[in-house]
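As stored in run_34.cif (mmCIF, C-alpha atoms):
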```
data_upload
#
loop_
_atom_site.group_PDB
_atom_site.id
_atom_site.type_symbol
_atom_site.label_atom_id
_atom_site.label_comp_id
_atom_site.auth_asym_id
_atom_site.auth_seq_id
_atom_site.Cartn_x
_atom_site.Cartn_y
_atom_site.Cartn_z
ATOM 1 C CA MET A 1 -8.752 -18.980 -34.071
ATOM 2 C CA LYS A 2 -7.240 -21.176 -31.356
ATOM 3 C CA LYS A 3 -4.587 -18.548 -30.624
ATOM 4 C CA THR A 4 -7.253 -15.865 -30.261
ATOM 5 C CA ALA A 5 -9.271 -18.034 -27.886
ATOM 6 C CA PHE A 6 -6.155 -18.737 -25.823
ATOM 7 C CA ILE A 7 -5.417 -15.003 -25.499
ATOM 8 C CA VAL A 8 -9.000 -14.320 -24.428
ATOM 9 C CA VAL A 9 -8.719 -16.987 -21.718
ATOM 10 C CA ILE A 10 -5.434 -15.541 -20.447
ATOM 11 C CA ILE A 11 -6.905 -12.025 -20.314
ATOM 12 C CA ALA A 12 -9.944 -13.327 -18.450
ATOM 13 C CA LEU A 13 -7.821 -15.194 -15.911
ATOM 14 C CA THR A 14 -5.527 -12.267 -15.240
ATOM 15 C CA SER A 15 -8.122 -9.498 -15.174
ATOM 16 C CA PRO A 16 -8.975 -7.829 -11.836
ATOM 17 C CA ALA A 17 -12.417 -9.464 -11.933
ATOM 18 C CA ALA A 18 -10.779 -12.911 -11.985
ATOM 19 C CA PHE A 19 -9.251 -12.208 -8.588
ATOM 20 C CA ALA A 20 -12.256 -10.438 -7.078
ATOM 21 C CA GLY A 21 -12.867 -11.593 -3.530
ATOM 22 C CA ASP A 22 -16.019 -11.931 -1.471
ATOM 23 C CA ALA A 23 -16.187 -9.067 1.031
ATOM 24 C CA ALA A 24 -18.789 -10.838 3.181
ATOM 25 C CA ALA A 25 -16.617 -13.924 3.506
ATOM 26 C CA GLY A 26 -13.613 -11.689 4.115
ATOM 27 C CA GLU A 27 -15.281 -10.006 7.079
ATOM 28 C CA ALA A 28 -15.274 -13.238 9.064
ATOM 29 C CA LYS A 29 -11.673 -14.019 8.127
ATOM 30 C CA ALA A 30 -10.568 -10.478 9.007
ATOM 31 C CA MET A 31 -11.885 -10.589 12.572
ATOM 32 C CA ILE A 32 -8.456 -11.505 13.918
ATOM 33 C CA CYS A 33 -6.915 -8.630 11.931
ATOM 34 C CA GLY A 34 -9.123 -6.146 13.778
ATOM 35 C CA ALA A 35 -6.964 -6.285 16.895
ATOM 36 C CA CYS A 36 -4.314 -4.215 15.121
ATOM 37 C CA HIS A 37 -6.032 -2.781 12.052
ATOM 38 C CA GLY A 38 -9.430 -1.939 13.544
ATOM 39 C CA ALA A 39 -12.723 -3.735 12.964
ATOM 40 C CA ASP A 40 -13.351 -1.707 9.804
ATOM 41 C CA GLY A 41 -9.716 -1.376 8.764
ATOM 42 C CA ASN A 42 -9.167 1.999 10.427
ATOM 43 C CA SER A 43 -6.442 1.253 12.950
ATOM 44 C CA ALA A 44 -6.279 3.378 16.071
ATOM 45 C CA ALA A 45 -2.534 2.923 16.520
ATOM 46 C CA PRO A 46 -0.424 5.079 14.159
ATOM 47 C CA SER A 47 2.160 2.317 13.768
ATOM 48 C CA PHE A 48 -0.396 -0.065 12.216
ATOM 49 C CA PRO A 49 -1.614 0.783 8.706
ATOM 50 C CA LYS A 50 -5.175 1.667 7.879
ATOM 51 C CA LEU A 51 -6.450 -0.923 5.416
ATOM 52 C CA ALA A 52 -9.899 0.560 4.842
ATOM 53 C CA GLY A 53 -10.393 1.648 1.242
ATOM 54 C CA GLN A 54 -7.109 0.128 0.136
ATOM 55 C CA ASN A 55 -6.890 -1.315 -3.392
ATOM 56 C CA GLU A 56 -7.529 -5.066 -3.534
ATOM 57 C CA LYS A 57 -4.654 -5.932 -5.837
ATOM 58 C CA TYR A 58 -2.186 -4.130 -3.583
ATOM 59 C CA LEU A 59 -3.525 -5.802 -0.435
ATOM 60 C CA ILE A 60 -3.344 -9.235 -2.042
ATOM 61 C CA LYS A 61 0.270 -8.708 -3.079
ATOM 62 C CA GLN A 62 1.313 -7.483 0.362
ATOM 63 C CA MET A 63 -0.314 -10.430 2.119
ATOM 64 C CA GLN A 64 1.281 -12.842 -0.335
ATOM 65 C CA ASP A 65 4.679 -11.168 0.124
ATOM 66 C CA ILE A 66 4.376 -11.328 3.910
ATOM 67 C CA ASN A 67 3.444 -15.011 3.679
ATOM 68 C CA SER A 68 6.379 -15.811 1.407
ATOM 69 C CA GLY A 69 8.878 -13.720 3.365
ATOM 70 C CA ALA A 70 9.415 -11.262 0.505
ATOM 71 C CA ARG A 71 8.249 -8.561 2.909
ATOM 72 C CA SER A 72 9.312 -8.822 6.528
ATOM 73 C CA VAL A 73 6.691 -7.649 9.032
ATOM 74 C CA PRO A 74 7.508 -9.191 12.439
ATOM 75 C CA THR A 75 4.118 -8.246 13.914
ATOM 76 C CA MET A 76 2.434 -10.273 11.145
ATOM 77 C CA ALA A 77 4.421 -13.447 11.822
ATOM 78 C CA GLY A 78 2.126 -16.462 11.566
ATOM 79 C CA GLN A 79 -1.015 -14.393 10.974
ATOM 80 C CA LEU A 80 -1.486 -15.504 7.370
ATOM 81 C CA THR A 81 0.063 -18.967 7.296
ATOM 82 C CA ALA A 82 -3.318 -20.728 7.467
ATOM 83 C CA MET A 83 -4.833 -18.551 4.754
ATOM 84 C CA ASN A 84 -5.293 -19.803 1.194
ATOM 85 C CA ASP A 85 -5.549 -17.629 -1.916
ATOM 86 C CA ASP A 86 -9.323 -17.314 -1.602
ATOM 87 C CA ASP A 87 -9.044 -16.222 2.029
ATOM 88 C CA ILE A 88 -6.522 -13.551 1.108
ATOM 89 C CA ALA A 89 -8.652 -12.295 -1.794
ATOM 90 C CA ASN A 90 -11.721 -12.175 0.452
ATOM 91 C CA ILE A 91 -9.918 -10.226 3.175
ATOM 92 C CA ALA A 92 -8.658 -7.779 0.553
ATOM 93 C CA ALA A 93 -12.196 -7.335 -0.785
ATOM 94 C CA PHE A 94 -13.539 -6.711 2.717
ATOM 95 C CA TYR A 95 -11.048 -3.948 3.499
ATOM 96 C CA ALA A 96 -11.388 -2.427 0.034
ATOM 97 C CA SER A 97 -15.127 -2.076 0.649
ATOM 98 C CA LYS A 98 -14.595 0.063 3.765
ATOM 99 C CA THR A 99 -14.066 3.822 3.979
ATOM 100 C CA ASN A 100 -10.826 5.318 5.228
ATOM 101 C CA SER A 101 -11.414 7.557 8.231
ATOM 102 C CA GLY A 102 -8.999 10.205 6.949
ATOM 103 C CA GLY A 103 -6.331 12.120 8.795
ATOM 104 C CA LYS A 104 -4.792 15.517 9.260
ATOM 105 C CA ALA A 105 -1.532 17.036 8.036
ATOM 106 C CA SER A 106 0.719 19.182 10.200
ATOM 107 C CA ALA A 107 0.459 22.819 9.118
ATOM 108 C CA ASP A 108 4.207 23.385 9.466
ATOM 109 C CA LEU A 109 4.982 20.488 7.099
ATOM 110 C CA ALA A 110 2.209 21.016 4.543
ATOM 111 C CA VAL A 111 4.051 23.238 2.071
ATOM 112 C CA LEU A 112 7.118 21.010 1.770
ATOM 113 C CA GLY A 113 5.020 17.837 1.782
ATOM 114 C CA GLU A 114 2.730 19.081 -0.985
ATOM 115 C CA LYS A 115 5.698 20.176 -3.094
ATOM 116 C CA ILE A 116 7.278 16.726 -2.933
ATOM 117 C CA TYR A 117 4.000 14.873 -3.445
ATOM 118 C CA ARG A 118 2.965 16.925 -6.478
ATOM 119 C CA ALA A 119 6.276 17.833 -8.097
ATOM 120 C CA GLY A 120 8.925 15.491 -6.716
ATOM 121 C CA ILE A 121 12.531 16.650 -6.521
ATOM 122 C CA ALA A 122 13.916 16.772 -10.050
ATOM 123 C CA GLY A 123 17.490 17.431 -9.015
ATOM 124 C CA ARG A 124 17.617 14.146 -7.113
ATOM 125 C CA GLY A 125 15.512 12.053 -9.451
ATOM 126 C CA VAL A 126 12.586 11.890 -7.023
ATOM 127 C CA ALA A 127 9.385 11.472 -9.031
ATOM 128 C CA ALA A 128 6.118 13.106 -8.032
ATOM 129 C CA CYS A 129 3.963 10.787 -5.940
ATOM 130 C CA THR A 130 0.939 11.745 -8.050
ATOM 131 C CA ALA A 131 2.294 9.721 -10.977
ATOM 132 C CA CYS A 132 1.421 6.420 -9.304
ATOM 133 C CA HIS A 133 -0.755 7.341 -6.338
ATOM 134 C CA SER A 134 -2.985 9.971 -8.063
ATOM 135 C CA PRO A 135 -3.391 13.648 -7.118
ATOM 136 C CA THR A 136 -5.929 12.708 -4.447
ATOM 137 C CA GLY A 137 -3.955 9.785 -3.079
ATOM 138 C CA GLN A 138 -6.374 7.094 -4.274
ATOM 139 C CA GLY A 139 -3.658 5.087 -5.987
ATOM 140 C CA ASN A 140 -4.188 2.979 -9.102
ATOM 141 C CA GLY A 141 -6.113 -0.205 -8.392
ATOM 142 C CA PRO A 142 -5.550 -2.072 -11.686
ATOM 143 C CA ALA A 143 -1.818 -1.321 -11.555
ATOM 144 C CA GLY A 144 -1.573 -2.373 -7.914
ATOM 145 C CA PHE A 145 -0.385 1.031 -6.707
ATOM 146 C CA PRO A 146 -1.691 1.636 -3.189
ATOM 147 C CA ALA A 147 -4.067 4.310 -2.000
ATOM 148 C CA LEU A 148 -2.255 6.631 0.409
ATOM 149 C CA ALA A 149 -4.824 9.277 1.383
ATOM 150 C CA GLY A 150 -5.589 9.360 5.089
ATOM 151 C CA GLN A 151 -2.875 6.872 6.033
ATOM 152 C CA HIS A 152 -1.207 7.354 9.414
ATOM 153 C CA ALA A 153 1.808 9.626 8.945
ATOM 154 C CA ASP A 154 3.886 7.492 11.322
ATOM 155 C CA TYR A 155 3.239 4.382 9.259
ATOM 156 C CA THR A 156 3.992 6.054 5.914
ATOM 157 C CA GLU A 157 7.153 7.571 7.346
ATOM 158 C CA THR A 158 8.312 4.161 8.586
ATOM 159 C CA GLN A 159 7.704 2.559 5.186
ATOM 160 C CA LEU A 160 9.624 5.274 3.341
ATOM 161 C CA ARG A 161 12.539 4.820 5.728
ATOM 162 C CA GLU A 162 12.401 1.070 5.181
ATOM 163 C CA PHE A 163 12.415 1.519 1.393
ATOM 164 C CA ARG A 164 15.369 3.911 1.747
ATOM 165 C CA LYS A 165 17.222 1.286 3.748
ATOM 166 C CA GLY A 166 16.252 -1.315 1.150
ATOM 167 C CA ALA A 167 17.943 0.750 -1.549
ATOM 168 C CA GLN A 168 21.243 -0.013 0.152
ATOM 169 C CA ASP A 169 20.827 -3.599 1.372
ATOM 170 C CA ASP A 170 18.271 -6.321 1.986
ATOM 171 C CA SER A 171 17.751 -5.354 5.620
ATOM 172 C CA GLY A 172 15.166 -2.797 4.452
ATOM 173 C CA ARG A 173 11.975 -3.158 2.449
ATOM 174 C CA THR A 174 12.594 -4.481 -1.054
ATOM 175 C CA ASN A 175 9.251 -5.782 -2.317
ATOM 176 C CA ASP A 176 8.675 -2.959 -4.800
ATOM 177 C CA GLY A 177 9.749 -5.196 -7.685
ATOM 178 C CA ASP A 178 12.607 -5.072 -10.155
ATOM 179 C CA SER A 179 11.799 -1.467 -11.000
ATOM 180 C CA ARG A 180 12.931 -0.460 -7.481
ATOM 181 C CA ILE A 181 10.740 2.610 -7.877
ATOM 182 C CA MET A 182 9.975 3.111 -4.191
ATOM 183 C CA ARG A 183 13.531 2.322 -3.096
ATOM 184 C CA ASP A 184 14.975 4.802 -5.554
ATOM 185 C CA ILE A 185 12.487 7.529 -4.605
ATOM 186 C CA ALA A 186 12.964 7.037 -0.865
ATOM 187 C CA PHE A 187 16.744 7.012 -1.269
ATOM 188 C CA GLY A 188 16.534 10.579 -2.589
ATOM 189 C CA LEU A 189 14.593 11.876 0.412
ATOM 190 C CA SER A 190 15.993 13.322 3.626
ATOM 191 C CA ASP A 191 14.467 12.571 7.028
ATOM 192 C CA LYS A 192 12.711 15.942 7.006
ATOM 193 C CA GLU A 193 11.330 15.398 3.518
ATOM 194 C CA ILE A 194 10.034 11.956 4.458
ATOM 195 C CA GLU A 195 8.329 13.427 7.521
ATOM 196 C CA ALA A 196 6.779 16.200 5.437
ATOM 197 C CA VAL A 197 5.403 14.066 2.608
ATOM 198 C CA ALA A 198 4.073 11.462 5.072
ATOM 199 C CA SER A 199 2.249 14.203 6.956
ATOM 200 C CA TYR A 200 0.824 15.668 3.755
ATOM 201 C CA ILE A 201 -0.431 12.243 2.670
ATOM 202 C CA ALA A 202 -2.263 11.819 5.979
ATOM 203 C CA GLY A 203 -4.322 14.903 5.209
ATOM 204 C CA LEU A 204 -5.218 13.979 1.627
ATOM 205 C CA ARG A 205 -8.876 13.360 0.815
#
```
Let me see the file written as structure tokens.
Amino acid sequence: MKKTAFIVVIIALTSPAAFAGDAAAGEAKAMICGACHGADGNSAAPSFPKLAGQNEKYLIKQMQDINSGARSVPTMAGQLTAMNDDDIANIAAFYASKTNSGGKASADLAVLGEKIYRAGIAGRGVAACTACHSPTGQGNGPAGFPALAGQHADYTETQLREFRKGAQDDSGRTNDGDSRIMRDIAFGLSDKEIEAVASYIAGLR
């Protein structure tokens, strides 16, 4: 009986609801973030990611990784150091509650981008993006896989290049866990393929 109760407590503490933030409280904390990411999480600059509609669990992990140094983002230096776990959860809840403004794919890249996103490249071990990020690019919230639909193509392209660099050494992005799934996928993509899939993602709804 005690063992069962213990398991129930662990499940309750680690469930998504246990980490649910307060979007209203997050709005006030996120005011400083608006300078780069937009007041509602839809950044105007293509080099800064849109956060609107992003999955909470993913946002929390990225903020924690930036704070700890597991993910290097020079433009975020010092932005989160005064934030506690509740602040981070609240900011994540605020952005998750917003709607992504969407984007547009380049017509000349659409065919190649769609092929990679939906089928991968079997000969190089590149998995289809749909497996983790869903056919519509909404990601998988409980698993912590990010939503991609409508993201700036420039930003997505930069991240894929950083993961590709991280597959070779620690100078690139390496915070995709021990599975190395994003590093391995990005390593199998050429510059043109990265450009194409990033463009296709921008146009997903």
Task: Explicit residues for the PyMOL selection byres ((chain A and resi 71-86) around 12) (as an MDAnalysis selection string) - done: chainID A and resid 18:23 25:26 29:37 47:49 60:70 87:93 158:159 162:163 166 170:177
Task: Two-atom distance - atom CA of A:Thr136, atom CA of A:Tyr58 (Å) - done: 17.3 Å
Stretch 136-139 of chain A, all listed atoms, 4 Å padding on each side: what axis-aligned box centre and edge lengths in Å to one decimal come out, as AutoDock Vina command-line options?
```
--center_x -5.0 --center_y 8.9 --center_z -4.5 --size_x 10.7 --size_y 15.6 --size_z 10.9
```
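Using all atoms listed in the file for every distance, the candidate list A:Leu160, A:Ile194, A:Ala24, A:Ala147 yields A:Ile194 as the residue closest to A:Ile116.
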Task: Exercise: A:Lys104 partners within 9 Å, only C-alpha atoms, chain neighbours under 5 positions left out, as an NGL selection string - done: :A and (150 or 152-153 or 199-204)
Task: Nearby residues, (-7.9, -4.2, -2.1) file frame, 9 Å, all atoms listed in the file, as an MDAnalysis selection string - done: chainID A and resid 51:60 89 91:97 141 144 146
Put those residues in a file: C-alpha atoms, as a tab-separated table (two decimals), in the coordinates of the input.
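Contents of out-v8.tsv, freshly written:
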```tsv
chain	number	residue	atom	x	y	z
A	51	LEU	CA	-6.45	-0.92	5.42
A	52	ALA	CA	-9.90	0.56	4.84
A	53	GLY	CA	-10.39	1.65	1.24
A	54	GLN	CA	-7.11	0.13	0.14
A	55	ASN	CA	-6.89	-1.32	-3.39
A	56	GLU	CA	-7.53	-5.07	-3.53
A	57	LYS	CA	-4.65	-5.93	-5.84
A	58	TYR	CA	-2.19	-4.13	-3.58
A	59	LEU	CA	-3.52	-5.80	-0.44
A	60	ILE	CA	-3.34	-9.24	-2.04
A	89	ALA	CA	-8.65	-12.30	-1.79
A	91	ILE	CA	-9.92	-10.23	3.18
A	92	ALA	CA	-8.66	-7.78	0.55
A	93	ALA	CA	-12.20	-7.34	-0.78
A	94	PHE	CA	-13.54	-6.71	2.72
A	95	TYR	CA	-11.05	-3.95	3.50
A	96	ALA	CA	-11.39	-2.43	0.03
A	97	SER	CA	-15.13	-2.08	0.65
A	141	GLY	CA	-6.11	-0.20	-8.39
A	144	GLY	CA	-1.57	-2.37	-7.91
A	146	PRO	CA	-1.69	1.64	-3.19
```
Task: Among listed residues A:Cys129, A:Thr99, A:Ala44, A:Gly38, nearest A:Gly113 (using all atoms listed in the file) - done: A:Cys129
TODO: Have a look at A:Ala39, A:Tyr155, A:Gly103, A:Lys165 and name the one nearest to A:Leu189; count all atoms listed in the file.
DONE: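 Checking each of A:Ala39, A:Tyr155, A:Gly103, A:Lys165 against A:Leu189, counting all atoms listed in the file, the winner is A:Lys165.
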Task: Residue nearest A:Arg205 - candidates A:Ala167, A:Ala149, A:Ala45, A:Ala143, atoms counted: only C-alpha atoms - done: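 Closest residue, counting only C-alpha atoms: A:Ala149.
Atom CA of A:Asn100 is found 6.4 Å from atom CA of A:Asn42.
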TODO: Give as a PyMOL selection string the residues that the PyMOL selection byres ((chain A and resi 193) around 10) matches when applied to the coordinates above.
DONE: chain A and resi 109+112-113+115-116+157+186+188-192+194-199
TODO: Have a look at atom CA of A:Thr156 and atom CA of A:Ala28 and let me know their distance in Å, one decimal.
DONE: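 Taking atom CA of A:Thr156 and atom CA of A:Ala28, their separation equals 27.4 Å.
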